[in-house]
Amino acid sequence: MQELVQEGRAKVNLTLRVVGRRVDGYHDLESVVAFADCADRITLTPGAALNLNTTGPLAQACGDAEDNLVFKAAQLLSERVPDLVLGDFLLDKMLPVAAGIGGGSADAAAALRLLARANGLELDDPRLIEVARLTGADVPVCLASNACVMTGVGETLLPLSLPKMPCVMVNPRVPVATRDVFKALGLRNGQLLVSATDVFRGTDWPEAGASLEDWVEALAAEHNDLEAPATRIQPVIGDVLAALSASNGAWLARMSGSGATCFAIYENTADAKRAAQQIQRDHPQWWVHAGILS
């Protein structure tokens, strides 16, 4: 069988509200999620055995293959699908790790899509969905890789119709562990951050066909509850947000996920490209991407 290829697109949390912490320790979230046009690239050469090799500019940050979410997802699926065709995975790592943009989760989701193709499985196969959830909270949303409102611990996805959003994404090349950020948030088991009324009320997001301006206005009324604790852990996040906010044409600047990647939304791609070039000149050590969220 010939090699198969998938992209693991970066996930961006346009908003992130922490509803509370469950009695089991997991955090309930509500997040508007979009996907960027930057991605890792994963190739599968189908075969009997499971192997994973990494290449690309950020391969060094991936660690041991056995600890990679691609490996974990493939193993979990093989436990649930008899005679699953596995094979050799090659991960071309372009996205920063521990960066709040779901790089590892996007890779695992891409691996599951590849295994589904190699084995004739549908993407809504219950075994595939179960494995996505077991692999990581962001893997189900990355499996679909479509804009949505994500709630619970990542298991409930409500599709959204987003306009194309010109953006700049910046990571200061400082990893931030998600568990450390939630620990800094400091919620006790069973503690709610919002009232029960707020939980049921939810947010009315713009309907299909709404303009970029409408969306930016709606997003600006929300925030990322993890931005403050993440910035306490890595103050450079504040520098990144300041650089994005000060760039010409930036309509909204915010941190994604648990950090340290931040993004800004612009009126057009020309403004975004100019802003990215200026930020890269001022901070050559940072990872900077100008592109589109959708």
# chains A, B, ... in the order shown; residues from 1 in each chain; ligands from 1
>>> residues_around(residues="Gly152 in chain A", least_positions_apart="3", cutoff="12 Å", atoms="only C-alpha atoms", output="list in words")
Leu16, Arg17, Val18, Val19, Gly20, Arg21, Arg22, Tyr26, His27, Asp28, Leu29, Glu30, Ser31, Arg133, Ala137, Asp138, Pro140, Val141, Val149, Glu155, Thr156, Leu157, Leu158 and Val199 of chain A
>>> write_last_selection(atoms="N, CA, C and O atoms", output="CSV table (one decimal), in the first residue's frame")
chain,number,residue,atom,x,y,z
A,16,LEU,N,-11.6,31.1,25.8
A,16,LEU,CA,-11.5,29.9,26.6
A,16,LEU,C,-12.0,30.3,28.0
A,16,LEU,O,-11.4,31.1,28.7
A,17,ARG,N,-13.2,29.8,28.3
A,17,ARG,CA,-13.7,30.0,29.6
A,17,ARG,C,-13.7,28.7,30.4
A,17,ARG,O,-14.1,27.7,30.0
A,18,VAL,N,-13.1,28.8,31.6
A,18,VAL,CA,-13.1,27.7,32.6
A,18,VAL,C,-14.3,27.8,33.4
A,18,VAL,O,-14.5,28.7,34.2
A,19,VAL,N,-15.3,26.8,33.1
A,19,VAL,CA,-16.5,26.8,33.8
A,19,VAL,C,-16.3,26.4,35.3
A,19,VAL,O,-16.9,26.9,36.2
A,20,GLY,N,-15.5,25.4,35.5
A,20,GLY,CA,-15.2,24.9,36.9
A,20,GLY,C,-14.4,23.7,36.8
A,20,GLY,O,-13.9,23.2,35.7
A,21,ARG,N,-14.2,23.1,38.0
A,21,ARG,CA,-13.4,21.9,38.1
A,21,ARG,C,-14.3,20.8,38.7
A,21,ARG,O,-15.0,20.9,39.7
A,22,ARG,N,-14.3,19.7,38.0
A,22,ARG,CA,-15.2,18.5,38.4
A,22,ARG,C,-14.7,17.9,39.6
A,22,ARG,O,-13.5,18.1,40.0
A,26,TYR,N,-11.0,16.9,36.6
A,26,TYR,CA,-11.0,17.5,35.3
A,26,TYR,C,-11.7,18.8,35.3
A,26,TYR,O,-12.6,19.1,36.0
A,27,HIS,N,-11.2,19.7,34.3
A,27,HIS,CA,-11.8,21.1,34.2
A,27,HIS,C,-12.8,21.1,33.1
A,27,HIS,O,-12.5,20.6,32.0
A,28,ASP,N,-14.0,21.7,33.4
A,28,ASP,CA,-15.0,21.9,32.3
A,28,ASP,C,-14.7,23.2,31.7
A,28,ASP,O,-14.5,24.2,32.3
A,29,LEU,N,-14.7,23.2,30.3
A,29,LEU,CA,-14.3,24.4,29.6
A,29,LEU,C,-15.4,24.8,28.6
A,29,LEU,O,-16.3,24.0,28.2
A,30,GLU,N,-15.4,26.0,28.1
A,30,GLU,CA,-16.2,26.4,26.9
A,30,GLU,C,-15.2,27.3,26.1
A,30,GLU,O,-14.7,28.3,26.6
A,31,SER,N,-15.0,26.9,24.8
A,31,SER,CA,-14.0,27.5,24.0
A,31,SER,C,-14.5,27.6,22.6
A,31,SER,O,-15.0,26.6,22.0
A,133,ARG,N,-10.7,10.6,22.6
A,133,ARG,CA,-10.9,11.2,23.9
A,133,ARG,C,-9.9,10.6,24.9
A,133,ARG,O,-9.5,11.4,25.8
A,137,ALA,N,-7.5,15.6,25.7
A,137,ALA,CA,-8.8,16.5,25.7
A,137,ALA,C,-8.9,17.2,24.3
A,137,ALA,O,-10.1,17.5,23.9
A,138,ASP,N,-7.8,17.6,23.7
A,138,ASP,CA,-7.9,18.3,22.4
A,138,ASP,C,-8.0,17.5,21.2
A,138,ASP,O,-8.1,18.0,20.1
A,140,PRO,N,-10.2,15.1,20.1
A,140,PRO,CA,-11.5,15.0,19.4
A,140,PRO,C,-11.7,16.3,18.5
A,140,PRO,O,-12.2,16.1,17.4
A,141,VAL,N,-11.5,17.5,19.0
A,141,VAL,CA,-11.7,18.7,18.2
A,141,VAL,C,-10.7,18.7,17.0
A,141,VAL,O,-11.0,19.1,15.9
A,149,VAL,N,-17.6,25.3,18.8
A,149,VAL,CA,-17.6,25.6,20.2
A,149,VAL,C,-17.4,24.3,20.9
A,149,VAL,O,-18.1,23.3,20.7
A,155,GLU,N,-15.3,17.0,24.9
A,155,GLU,CA,-16.0,15.9,24.2
A,155,GLU,C,-17.2,16.4,23.4
A,155,GLU,O,-17.7,15.7,22.6
A,156,THR,N,-17.7,17.6,23.7
A,156,THR,CA,-18.9,18.1,23.0
A,156,THR,C,-18.5,19.2,22.1
A,156,THR,O,-17.9,20.2,22.5
A,157,LEU,N,-18.8,19.1,20.8
A,157,LEU,CA,-18.4,20.0,19.7
A,157,LEU,C,-19.6,20.5,19.0
A,157,LEU,O,-20.4,19.7,18.4
A,158,LEU,N,-19.8,21.8,18.9
A,158,LEU,CA,-20.9,22.4,18.2
A,158,LEU,C,-20.3,23.2,17.0
A,158,LEU,O,-19.6,24.2,17.2
A,199,VAL,N,-23.8,28.9,33.2
A,199,VAL,CA,-23.5,27.7,32.5
A,199,VAL,C,-24.6,27.3,31.5
A,199,VAL,O,-24.3,26.9,30.4
>>> select_by_dssp(residues="range 75-227 of chain A", states="alpha helix (DSSP H)", output="PyMOL selection string")
chain A and resi 75-78+103-119+126-135+139-144+178-185+196-201+212-220+227
>>> select_by_dssp(residues="range 33-277 of chain A", states="strand (DSSP E)", output="CSV table (one decimal) with all heavy atoms, in the first residue's frame")
chain,number,residue,atom,x,y,z
A,33,VAL,N,-13.1,27.5,19.1
A,33,VAL,CA,-11.9,26.9,18.5
A,33,VAL,C,-11.9,27.1,17.0
A,33,VAL,O,-12.9,26.9,16.3
A,33,VAL,CB,-11.8,25.4,18.8
A,33,VAL,CG1,-10.5,24.8,18.1
A,33,VAL,CG2,-11.7,25.2,20.3
A,34,ALA,N,-10.7,27.6,16.5
A,34,ALA,CA,-10.5,27.7,15.0
A,34,ALA,C,-9.2,27.0,14.7
A,34,ALA,O,-8.5,26.6,15.6
A,34,ALA,CB,-10.4,29.2,14.6
A,35,PHE,N,-9.0,26.8,13.4
A,35,PHE,CA,-7.8,26.1,13.0
A,35,PHE,C,-7.0,27.0,12.0
A,35,PHE,O,-7.6,27.7,11.2
A,35,PHE,CB,-8.1,24.8,12.4
A,35,PHE,CG,-8.5,23.8,13.4
A,35,PHE,CD1,-9.8,23.7,13.8
A,35,PHE,CD2,-7.6,22.9,14.0
A,35,PHE,CE1,-10.2,22.8,14.8
A,35,PHE,CE2,-7.9,22.0,15.0
A,35,PHE,CZ,-9.3,22.0,15.4
A,36,ALA,N,-5.7,26.9,12.1
A,36,ALA,CA,-4.8,27.8,11.4
A,36,ALA,C,-4.3,27.1,10.1
A,36,ALA,O,-4.5,25.9,9.9
A,36,ALA,CB,-3.6,28.2,12.2
A,37,ASP,N,-3.7,27.8,9.2
A,37,ASP,CA,-3.1,27.3,8.0
A,37,ASP,C,-1.6,26.9,8.2
A,37,ASP,O,-0.9,26.8,7.2
A,37,ASP,CB,-3.3,28.2,6.8
A,37,ASP,CG,-2.7,29.6,7.1
A,37,ASP,OD1,-2.2,29.8,8.2
A,37,ASP,OD2,-2.7,30.4,6.2
A,38,CYS,N,-1.2,26.7,9.4
A,38,CYS,CA,0.1,26.1,9.6
A,38,CYS,C,-0.1,24.8,10.3
A,38,CYS,O,-1.0,24.6,11.1
A,38,CYS,CB,1.0,27.1,10.5
A,38,CYS,SG,0.2,27.6,12.1
A,39,ALA,N,0.8,23.8,10.0
A,39,ALA,CA,0.5,22.5,10.4
A,39,ALA,C,1.8,21.6,10.5
A,39,ALA,O,2.8,21.9,9.8
A,39,ALA,CB,-0.4,21.8,9.4
A,40,ASP,N,1.7,20.5,11.2
A,40,ASP,CA,2.7,19.5,11.1
A,40,ASP,C,2.2,18.5,10.0
A,40,ASP,O,1.1,18.5,9.6
A,40,ASP,CB,2.8,18.6,12.4
A,40,ASP,CG,3.4,19.4,13.6
A,40,ASP,OD1,4.1,20.4,13.3
A,40,ASP,OD2,3.1,19.1,14.7
A,41,ARG,N,3.2,17.8,9.4
A,41,ARG,CA,2.8,16.9,8.3
A,41,ARG,C,3.2,15.5,8.7
A,41,ARG,O,4.3,15.2,9.2
A,41,ARG,CB,3.6,17.3,7.1
A,41,ARG,CG,3.2,16.5,5.8
A,41,ARG,CD,4.0,17.1,4.6
A,41,ARG,NE,3.6,16.6,3.3
A,41,ARG,CZ,4.1,15.6,2.7
A,41,ARG,NH1,5.2,15.0,3.3
A,41,ARG,NH2,3.7,15.1,1.5
A,42,ILE,N,2.2,14.6,8.6
A,42,ILE,CA,2.4,13.2,9.1
A,42,ILE,C,2.2,12.2,7.9
A,42,ILE,O,1.2,12.3,7.2
A,42,ILE,CB,1.4,12.8,10.2
A,42,ILE,CG1,1.6,13.8,11.3
A,42,ILE,CG2,1.7,11.4,10.7
A,42,ILE,CD1,0.7,13.5,12.5
A,43,THR,N,3.1,11.3,7.7
A,43,THR,CA,3.1,10.4,6.6
A,43,THR,C,3.0,9.0,7.2
A,43,THR,O,3.7,8.7,8.2
A,43,THR,CB,4.3,10.4,5.7
A,43,THR,OG1,4.4,11.8,5.2
A,43,THR,CG2,4.2,9.5,4.6
A,44,LEU,N,2.1,8.1,6.7
A,44,LEU,CA,2.0,6.7,7.2
A,44,LEU,C,2.3,5.8,6.0
A,44,LEU,O,1.6,5.9,4.9
A,44,LEU,CB,0.6,6.4,7.7
A,44,LEU,CG,0.3,5.0,8.0
A,44,LEU,CD1,1.2,4.4,9.1
A,44,LEU,CD2,-1.2,4.8,8.4
A,45,THR,N,3.3,4.9,6.2
A,45,THR,CA,3.5,3.8,5.2
A,45,THR,C,3.0,2.6,5.9
A,45,THR,O,3.6,2.1,6.8
A,45,THR,CB,5.0,3.7,4.9
A,45,THR,OG1,5.6,4.9,4.4
A,45,THR,CG2,5.2,2.6,3.9
A,46,PRO,N,1.8,2.1,5.5
A,46,PRO,CA,1.1,1.0,6.2
A,46,PRO,C,2.0,-0.2,6.2
A,46,PRO,O,2.7,-0.6,5.3
A,46,PRO,CB,-0.2,0.8,5.3
A,46,PRO,CG,-0.4,2.1,4.6
A,46,PRO,CD,1.0,2.6,4.3
A,47,GLY,N,1.8,-0.9,7.4
A,47,GLY,CA,2.6,-2.2,7.6
A,47,GLY,C,2.1,-2.9,8.8
A,47,GLY,O,1.1,-2.4,9.5
A,50,LEU,N,4.3,-1.0,14.3
A,50,LEU,CA,4.1,0.4,14.6
A,50,LEU,C,5.5,1.1,14.9
A,50,LEU,O,6.2,0.6,15.8
A,50,LEU,CB,3.2,0.6,15.8
A,50,LEU,CG,3.0,2.0,16.3
A,50,LEU,CD1,2.4,3.0,15.2
A,50,LEU,CD2,2.1,2.1,17.6
A,51,ASN,N,5.8,2.1,14.1
A,51,ASN,CA,7.0,2.8,14.3
A,51,ASN,C,6.7,4.3,14.1
A,51,ASN,O,5.8,4.7,13.3
A,51,ASN,CB,8.1,2.4,13.3
A,51,ASN,CG,8.6,1.0,13.6
A,51,ASN,OD1,9.2,0.7,14.6
A,51,ASN,ND2,8.3,0.1,12.6
A,52,LEU,N,7.5,5.1,14.8
A,52,LEU,CA,7.4,6.6,14.6
A,52,LEU,C,8.8,7.2,14.6
A,52,LEU,O,9.6,7.0,15.5
A,52,LEU,CB,6.6,7.2,15.8
A,52,LEU,CG,6.6,8.7,15.9
A,52,LEU,CD1,5.8,9.3,14.7
A,52,LEU,CD2,5.9,9.1,17.2
A,53,ASN,N,9.0,8.0,13.5
A,53,ASN,CA,10.2,8.8,13.4
A,53,ASN,C,9.8,10.2,13.2
A,53,ASN,O,8.8,10.6,12.6
A,53,ASN,CB,11.1,8.3,12.2
A,53,ASN,CG,11.7,6.9,12.4
A,53,ASN,OD1,12.5,6.8,13.3
A,53,ASN,ND2,11.3,6.0,11.6
A,54,THR,N,10.7,11.1,13.7
A,54,THR,CA,10.4,12.6,13.6
A,54,THR,C,11.5,13.3,12.8
A,54,THR,O,12.6,12.9,12.9
A,54,THR,CB,10.2,13.2,15.0
A,54,THR,OG1,11.4,12.9,15.8
A,54,THR,CG2,9.0,12.7,15.7
A,55,THR,N,11.1,14.3,12.1
A,55,THR,CA,12.0,15.1,11.3
A,55,THR,C,11.5,16.5,11.4
A,55,THR,O,10.5,16.8,12.1
A,55,THR,CB,12.1,14.6,9.9
A,55,THR,OG1,13.1,15.4,9.2
A,55,THR,CG2,10.8,14.8,9.1
A,86,LEU,N,-1.2,-1.1,10.9
A,86,LEU,CA,-0.4,0.0,11.5
A,86,LEU,C,0.6,0.5,10.5
A,86,LEU,O,0.2,0.9,9.4
A,86,LEU,CB,0.2,-0.5,12.8
A,86,LEU,CG,-0.8,-0.8,13.9
A,86,LEU,CD1,-0.1,-1.6,15.0
A,86,LEU,CD2,-1.4,0.4,14.5
A,87,GLY,N,1.9,0.6,10.8
A,87,GLY,CA,2.9,1.0,9.9
A,87,GLY,C,3.9,2.0,10.4
A,87,GLY,O,3.9,2.2,11.6
A,88,ASP,N,4.6,2.6,9.5
A,88,ASP,CA,5.7,3.5,9.9
A,88,ASP,C,5.1,5.0,9.7
A,88,ASP,O,4.8,5.4,8.6
A,88,ASP,CB,6.9,3.3,8.9
A,88,ASP,CG,7.6,2.0,9.2
A,88,ASP,OD1,7.8,1.6,10.3
A,88,ASP,OD2,7.8,1.3,8.2
A,89,PHE,N,5.1,5.7,10.8
A,89,PHE,CA,4.7,7.1,10.8
A,89,PHE,C,6.0,8.0,10.7
A,89,PHE,O,7.0,7.7,11.4
A,89,PHE,CB,4.0,7.5,12.1
A,89,PHE,CG,2.6,7.0,12.2
A,89,PHE,CD1,2.2,5.9,12.9
A,89,PHE,CD2,1.6,7.7,11.5
A,89,PHE,CE1,0.9,5.4,13.0
A,89,PHE,CE2,0.2,7.3,11.6
A,89,PHE,CZ,-0.1,6.1,12.3
A,90,LEU,N,5.9,9.0,9.9
A,90,LEU,CA,7.0,10.0,9.9
A,90,LEU,C,6.3,11.3,10.2
A,90,LEU,O,5.4,11.8,9.4
A,90,LEU,CB,7.6,10.1,8.5
A,90,LEU,CG,8.7,11.1,8.3
A,90,LEU,CD1,9.9,10.8,9.3
A,90,LEU,CD2,9.2,11.2,6.9
A,91,LEU,N,6.7,12.0,11.3
A,91,LEU,CA,6.2,13.2,11.7
A,91,LEU,C,7.2,14.3,11.4
A,91,LEU,O,8.3,14.4,11.9
A,91,LEU,CB,6.0,13.2,13.2
A,91,LEU,CG,5.6,14.5,14.0
A,91,LEU,CD1,4.4,15.2,13.3
A,91,LEU,CD2,5.4,14.3,15.4
A,92,ASP,N,6.7,15.2,10.5
A,92,ASP,CA,7.5,16.4,10.1
A,92,ASP,C,7.0,17.5,11.0
A,92,ASP,O,6.0,18.1,10.8
A,92,ASP,CB,7.3,16.7,8.6
A,92,ASP,CG,8.2,17.9,8.1
A,92,ASP,OD1,9.1,18.3,8.9
A,92,ASP,OD2,8.0,18.3,7.0
A,148,CYS,N,-15.5,25.3,15.8
A,148,CYS,CA,-16.6,24.9,16.7
A,148,CYS,C,-16.5,25.5,18.0
A,148,CYS,O,-15.6,26.2,18.4
A,148,CYS,CB,-16.6,23.4,16.8
A,148,CYS,SG,-15.1,22.8,17.8
A,149,VAL,N,-17.6,25.3,18.8
A,149,VAL,CA,-17.6,25.6,20.2
A,149,VAL,C,-17.4,24.3,20.9
A,149,VAL,O,-18.1,23.3,20.7
A,149,VAL,CB,-18.9,26.2,20.7
A,149,VAL,CG1,-18.9,26.4,22.2
A,149,VAL,CG2,-19.2,27.5,20.0
A,150,MET,N,-16.3,24.2,21.7
A,150,MET,CA,-15.9,23.0,22.4
A,150,MET,C,-16.3,23.2,23.9
A,150,MET,O,-15.9,24.2,24.5
A,150,MET,CB,-14.4,22.8,22.3
A,150,MET,CG,-13.9,21.5,23.0
A,150,MET,SD,-12.1,21.3,22.7
A,150,MET,CE,-11.4,22.7,23.5
A,151,THR,N,-17.0,22.2,24.4
A,151,THR,CA,-17.4,22.3,25.8
A,151,THR,C,-17.1,21.0,26.6
A,151,THR,O,-16.7,20.0,26.0
A,151,THR,CB,-18.9,22.6,26.0
A,151,THR,OG1,-19.7,21.6,25.3
A,151,THR,CG2,-19.3,24.0,25.4
A,152,GLY,N,-17.4,21.0,27.9
A,152,GLY,CA,-17.0,19.9,28.7
A,152,GLY,C,-15.5,19.8,28.9
A,152,GLY,O,-14.8,20.8,29.1
A,156,THR,N,-17.7,17.6,23.7
A,156,THR,CA,-18.9,18.1,23.0
A,156,THR,C,-18.5,19.2,22.1
A,156,THR,O,-17.9,20.2,22.5
A,156,THR,CB,-19.9,18.7,24.0
A,156,THR,OG1,-20.2,17.6,25.0
A,156,THR,CG2,-21.2,19.1,23.4
A,157,LEU,N,-18.8,19.1,20.8
A,157,LEU,CA,-18.4,20.0,19.7
A,157,LEU,C,-19.6,20.5,19.0
A,157,LEU,O,-20.4,19.7,18.4
A,157,LEU,CB,-17.5,19.3,18.8
A,157,LEU,CG,-16.2,18.6,19.4
A,157,LEU,CD1,-15.5,17.8,18.3
A,157,LEU,CD2,-15.3,19.5,20.1
A,158,LEU,N,-19.8,21.8,18.9
A,158,LEU,CA,-20.9,22.4,18.2
A,158,LEU,C,-20.3,23.2,17.0
A,158,LEU,O,-19.6,24.2,17.2
A,158,LEU,CB,-21.7,23.4,19.1
A,158,LEU,CG,-22.8,24.1,18.5
A,158,LEU,CD1,-23.9,23.2,18.0
A,158,LEU,CD2,-23.4,25.2,19.4
A,159,PRO,N,-20.6,22.8,15.8
A,159,PRO,CA,-19.9,23.4,14.6
A,159,PRO,C,-20.3,24.9,14.5
A,159,PRO,O,-21.4,25.3,14.9
A,159,PRO,CB,-20.5,22.7,13.4
A,159,PRO,CG,-20.9,21.3,14.0
A,159,PRO,CD,-21.4,21.6,15.4
A,165,MET,N,-10.2,34.6,9.0
A,165,MET,CA,-9.6,35.6,9.9
A,165,MET,C,-8.1,35.8,9.7
A,165,MET,O,-7.4,34.9,10.1
A,165,MET,CB,-9.9,35.2,11.3
A,165,MET,CG,-11.3,35.1,11.7
A,165,MET,SD,-11.6,34.7,13.5
A,165,MET,CE,-13.3,34.9,13.7
A,166,PRO,N,-7.7,36.9,9.0
A,166,PRO,CA,-6.3,37.1,8.9
A,166,PRO,C,-5.6,37.2,10.3
A,166,PRO,O,-6.2,37.9,11.2
A,166,PRO,CB,-6.2,38.4,8.1
A,166,PRO,CG,-7.5,38.6,7.4
A,166,PRO,CD,-8.5,37.9,8.3
A,167,CYS,N,-4.5,36.5,10.5
A,167,CYS,CA,-4.0,36.5,11.8
A,167,CYS,C,-2.4,36.5,11.8
A,167,CYS,O,-1.8,36.2,10.8
A,167,CYS,CB,-4.5,35.3,12.6
A,167,CYS,SG,-3.6,33.7,12.1
A,168,VAL,N,-1.9,36.8,13.0
A,168,VAL,CA,-0.5,36.5,13.3
A,168,VAL,C,-0.4,35.7,14.5
A,168,VAL,O,-1.1,36.0,15.5
A,168,VAL,CB,0.3,37.8,13.5
A,168,VAL,CG1,1.8,37.5,13.9
A,168,VAL,CG2,0.3,38.6,12.2
A,169,MET,N,0.3,34.6,14.5
A,169,MET,CA,0.5,33.7,15.7
A,169,MET,C,2.0,33.9,16.1
A,169,MET,O,2.9,33.9,15.2
A,169,MET,CB,0.2,32.3,15.3
A,169,MET,CG,-1.3,32.1,15.0
A,169,MET,SD,-1.6,30.5,14.2
A,169,MET,CE,-1.0,29.3,15.5
A,170,VAL,N,2.2,34.0,17.4
A,170,VAL,CA,3.6,34.2,17.9
A,170,VAL,C,3.8,33.3,19.1
A,170,VAL,O,2.9,33.3,20.0
A,170,VAL,CB,3.8,35.6,18.3
A,170,VAL,CG1,5.2,35.8,18.9
A,170,VAL,CG2,3.6,36.6,17.2
A,171,ASN,N,4.9,32.6,19.1
A,171,ASN,CA,5.3,31.8,20.3
A,171,ASN,C,6.7,32.2,20.6
A,171,ASN,O,7.6,32.2,19.8
A,171,ASN,CB,5.2,30.3,20.0
A,171,ASN,CG,5.6,29.4,21.2
A,171,ASN,OD1,6.8,29.2,21.4
A,171,ASN,ND2,4.6,29.0,21.9
A,250,ALA,N,-3.9,45.6,14.3
A,250,ALA,CA,-4.4,44.5,15.2
A,250,ALA,C,-5.8,44.8,15.8
A,250,ALA,O,-5.9,45.9,16.4
A,250,ALA,CB,-3.4,44.2,16.2
A,251,TRP,N,-6.8,44.0,15.6
A,251,TRP,CA,-8.1,44.2,16.1
A,251,TRP,C,-8.3,43.6,17.4
A,251,TRP,O,-9.1,44.1,18.3
A,251,TRP,CB,-9.2,43.7,15.1
A,251,TRP,CG,-9.4,44.6,14.0
A,251,TRP,CD1,-8.8,45.8,13.7
A,251,TRP,CD2,-10.4,44.4,12.9
A,251,TRP,NE1,-9.3,46.4,12.6
A,251,TRP,CE2,-10.3,45.5,12.1
A,251,TRP,CE3,-11.3,43.4,12.6
A,251,TRP,CZ2,-11.1,45.7,10.9
A,251,TRP,CZ3,-12.1,43.5,11.5
A,251,TRP,CH2,-12.0,44.6,10.7
A,252,LEU,N,-7.6,42.5,17.7
A,252,LEU,CA,-7.8,41.7,18.9
A,252,LEU,C,-6.5,40.9,19.1
A,252,LEU,O,-6.1,40.2,18.2
A,252,LEU,CB,-9.0,40.8,18.8
A,252,LEU,CG,-9.3,39.8,20.0
A,252,LEU,CD1,-9.7,40.6,21.2
A,252,LEU,CD2,-10.3,38.7,19.6
A,253,ALA,N,-6.0,40.9,20.3
A,253,ALA,CA,-4.8,40.1,20.6
A,253,ALA,C,-5.1,39.2,21.9
A,253,ALA,O,-5.7,39.8,22.8
A,253,ALA,CB,-3.6,40.9,20.9
A,254,ARG,N,-4.8,38.0,21.9
A,254,ARG,CA,-5.1,37.1,23.0
A,254,ARG,C,-4.2,35.9,23.0
A,254,ARG,O,-3.6,35.5,22.0
A,254,ARG,CB,-6.6,36.6,22.8
A,254,ARG,CG,-7.2,35.8,23.9
A,254,ARG,CD,-8.7,35.6,23.8
A,254,ARG,NE,-9.3,36.9,24.1
A,254,ARG,CZ,-10.6,37.2,23.8
A,254,ARG,NH1,-11.3,36.4,23.1
A,254,ARG,NH2,-11.1,38.3,24.2
A,255,MET,N,-4.1,35.2,24.1
A,255,MET,CA,-3.4,33.9,24.2
A,255,MET,C,-4.3,32.8,23.8
A,255,MET,O,-5.5,32.8,24.0
A,255,MET,CB,-2.9,33.7,25.7
A,255,MET,CG,-1.9,32.6,25.8
A,255,MET,SD,-1.5,32.3,27.6
A,255,MET,CE,-3.0,31.3,28.1
A,262,CYS,N,0.4,33.2,21.3
A,262,CYS,CA,-0.7,34.2,21.3
A,262,CYS,C,-1.0,34.5,19.8
A,262,CYS,O,-0.2,34.2,18.9
A,262,CYS,CB,-0.2,35.5,22.0
A,262,CYS,SG,0.2,35.2,23.8
A,263,PHE,N,-2.1,35.2,19.6
A,263,PHE,CA,-2.5,35.5,18.2
A,263,PHE,C,-3.1,36.9,18.2
A,263,PHE,O,-3.6,37.4,19.3
A,263,PHE,CB,-3.5,34.5,17.7
A,263,PHE,CG,-4.8,34.5,18.4
A,263,PHE,CD1,-5.9,35.3,18.0
A,263,PHE,CD2,-5.0,33.7,19.6
A,263,PHE,CE1,-7.1,35.3,18.7
A,263,PHE,CE2,-6.2,33.8,20.3
A,263,PHE,CZ,-7.3,34.5,19.8
A,264,ALA,N,-3.1,37.5,17.1
A,264,ALA,CA,-3.9,38.7,16.8
A,264,ALA,C,-4.7,38.5,15.5
A,264,ALA,O,-4.2,37.8,14.6
A,264,ALA,CB,-3.0,39.9,16.8
A,265,ILE,N,-5.8,39.2,15.5
A,265,ILE,CA,-6.7,39.1,14.3
A,265,ILE,C,-6.6,40.5,13.6
A,265,ILE,O,-6.7,41.6,14.3
A,265,ILE,CB,-8.1,38.8,14.6
A,265,ILE,CG1,-8.2,37.4,15.2
A,265,ILE,CG2,-9.0,38.9,13.4
A,265,ILE,CD1,-9.6,37.0,15.8
A,266,TYR,N,-6.5,40.5,12.3
A,266,TYR,CA,-6.3,41.8,11.5
A,266,TYR,C,-7.5,41.9,10.5
A,266,TYR,O,-8.1,40.9,10.1
A,266,TYR,CB,-5.0,41.7,10.8
A,266,TYR,CG,-3.8,41.7,11.8
A,266,TYR,CD1,-3.4,40.5,12.4
A,266,TYR,CD2,-3.1,42.9,12.1
A,266,TYR,CE1,-2.4,40.5,13.3
A,266,TYR,CE2,-2.1,42.9,13.0
A,266,TYR,CZ,-1.7,41.7,13.6
A,266,TYR,OH,-0.7,41.7,14.5
>>> closest_atom_pairs(of="range 76-190 of chain A", to="range 208-228 of chain A", cutoff="9 Å", atoms="only C-alpha atoms", output="JSON lines")
{"residue": "A:Leu160", "atom": "CA", "partner": "A:Ala208", "partner_atom": "CA", "distance": 7.6}
{"residue": "A:Ser161", "atom": "CA", "partner": "A:Ala208", "partner_atom": "CA", "distance": 5.1}
{"residue": "A:Leu162", "atom": "CA", "partner": "A:Ala208", "partner_atom": "CA", "distance": 7.2}
{"residue": "A:Pro163", "atom": "CA", "partner": "A:Leu212", "partner_atom": "CA", "distance": 6.0}
{"residue": "A:Lys164", "atom": "CA", "partner": "A:Leu212", "partner_atom": "CA", "distance": 7.5}
{"residue": "A:Met165", "atom": "CA", "partner": "A:Leu212", "partner_atom": "CA", "distance": 6.9}
{"residue": "A:Val181", "atom": "CA", "partner": "A:Leu226", "partner_atom": "CA", "distance": 6.8}
{"residue": "A:Phe182", "atom": "CA", "partner": "A:Leu226", "partner_atom": "CA", "distance": 7.5}
{"residue": "A:Ala184", "atom": "CA", "partner": "A:Leu226", "partner_atom": "CA", "distance": 9.0}
{"residue": "A:Leu185", "atom": "CA", "partner": "A:Leu226", "partner_atom": "CA", "distance": 7.1}
>>> closest_residue(among="A:Val5, A:Leu293, A:Val288, A:Ala147", to="Thr269 in chain A", atoms="only C-alpha atoms")
A:Leu293
>>> atom_distance(atom1="CA of Val12 in chain A", atom2="CA of Ser256 in chain A")
5.5 Å
>>> atom_distance(atom1="CA of Asp83 in chain A", atom2="CA of Arg127 in chain A")
14.0 Å
>>> atom_distance(atom1="CA of Asn13 in chain A", atom2="CA of Asp204 in chain A")
16.9 Å
>>> residues_around(residues="range 66-69 of chain A", least_positions_apart="5", cutoff="10 Å", atoms="only C-alpha atoms", output="PyMOL selection string")
chain A and resi 51-52+74-75+103-109+111+135-136+139
>>> closest_residue(among="A:Leu192, A:Val23, A:Leu4, A:Leu134", to="Ala116 in chain A", atoms="only C-alpha atoms")
A:Leu4
>>> closest_residue(among="A:Ile292, A:Glu130, A:Leu58, A:Arg80", to="Leu95 in chain A", atoms="only C-alpha atoms")
A:Leu58
>>> closest_residue(among="A:Asp282, A:Glu79, A:Asp180, A:Glu7", to="Val131 in chain A", atoms="only C-alpha atoms")
A:Glu79
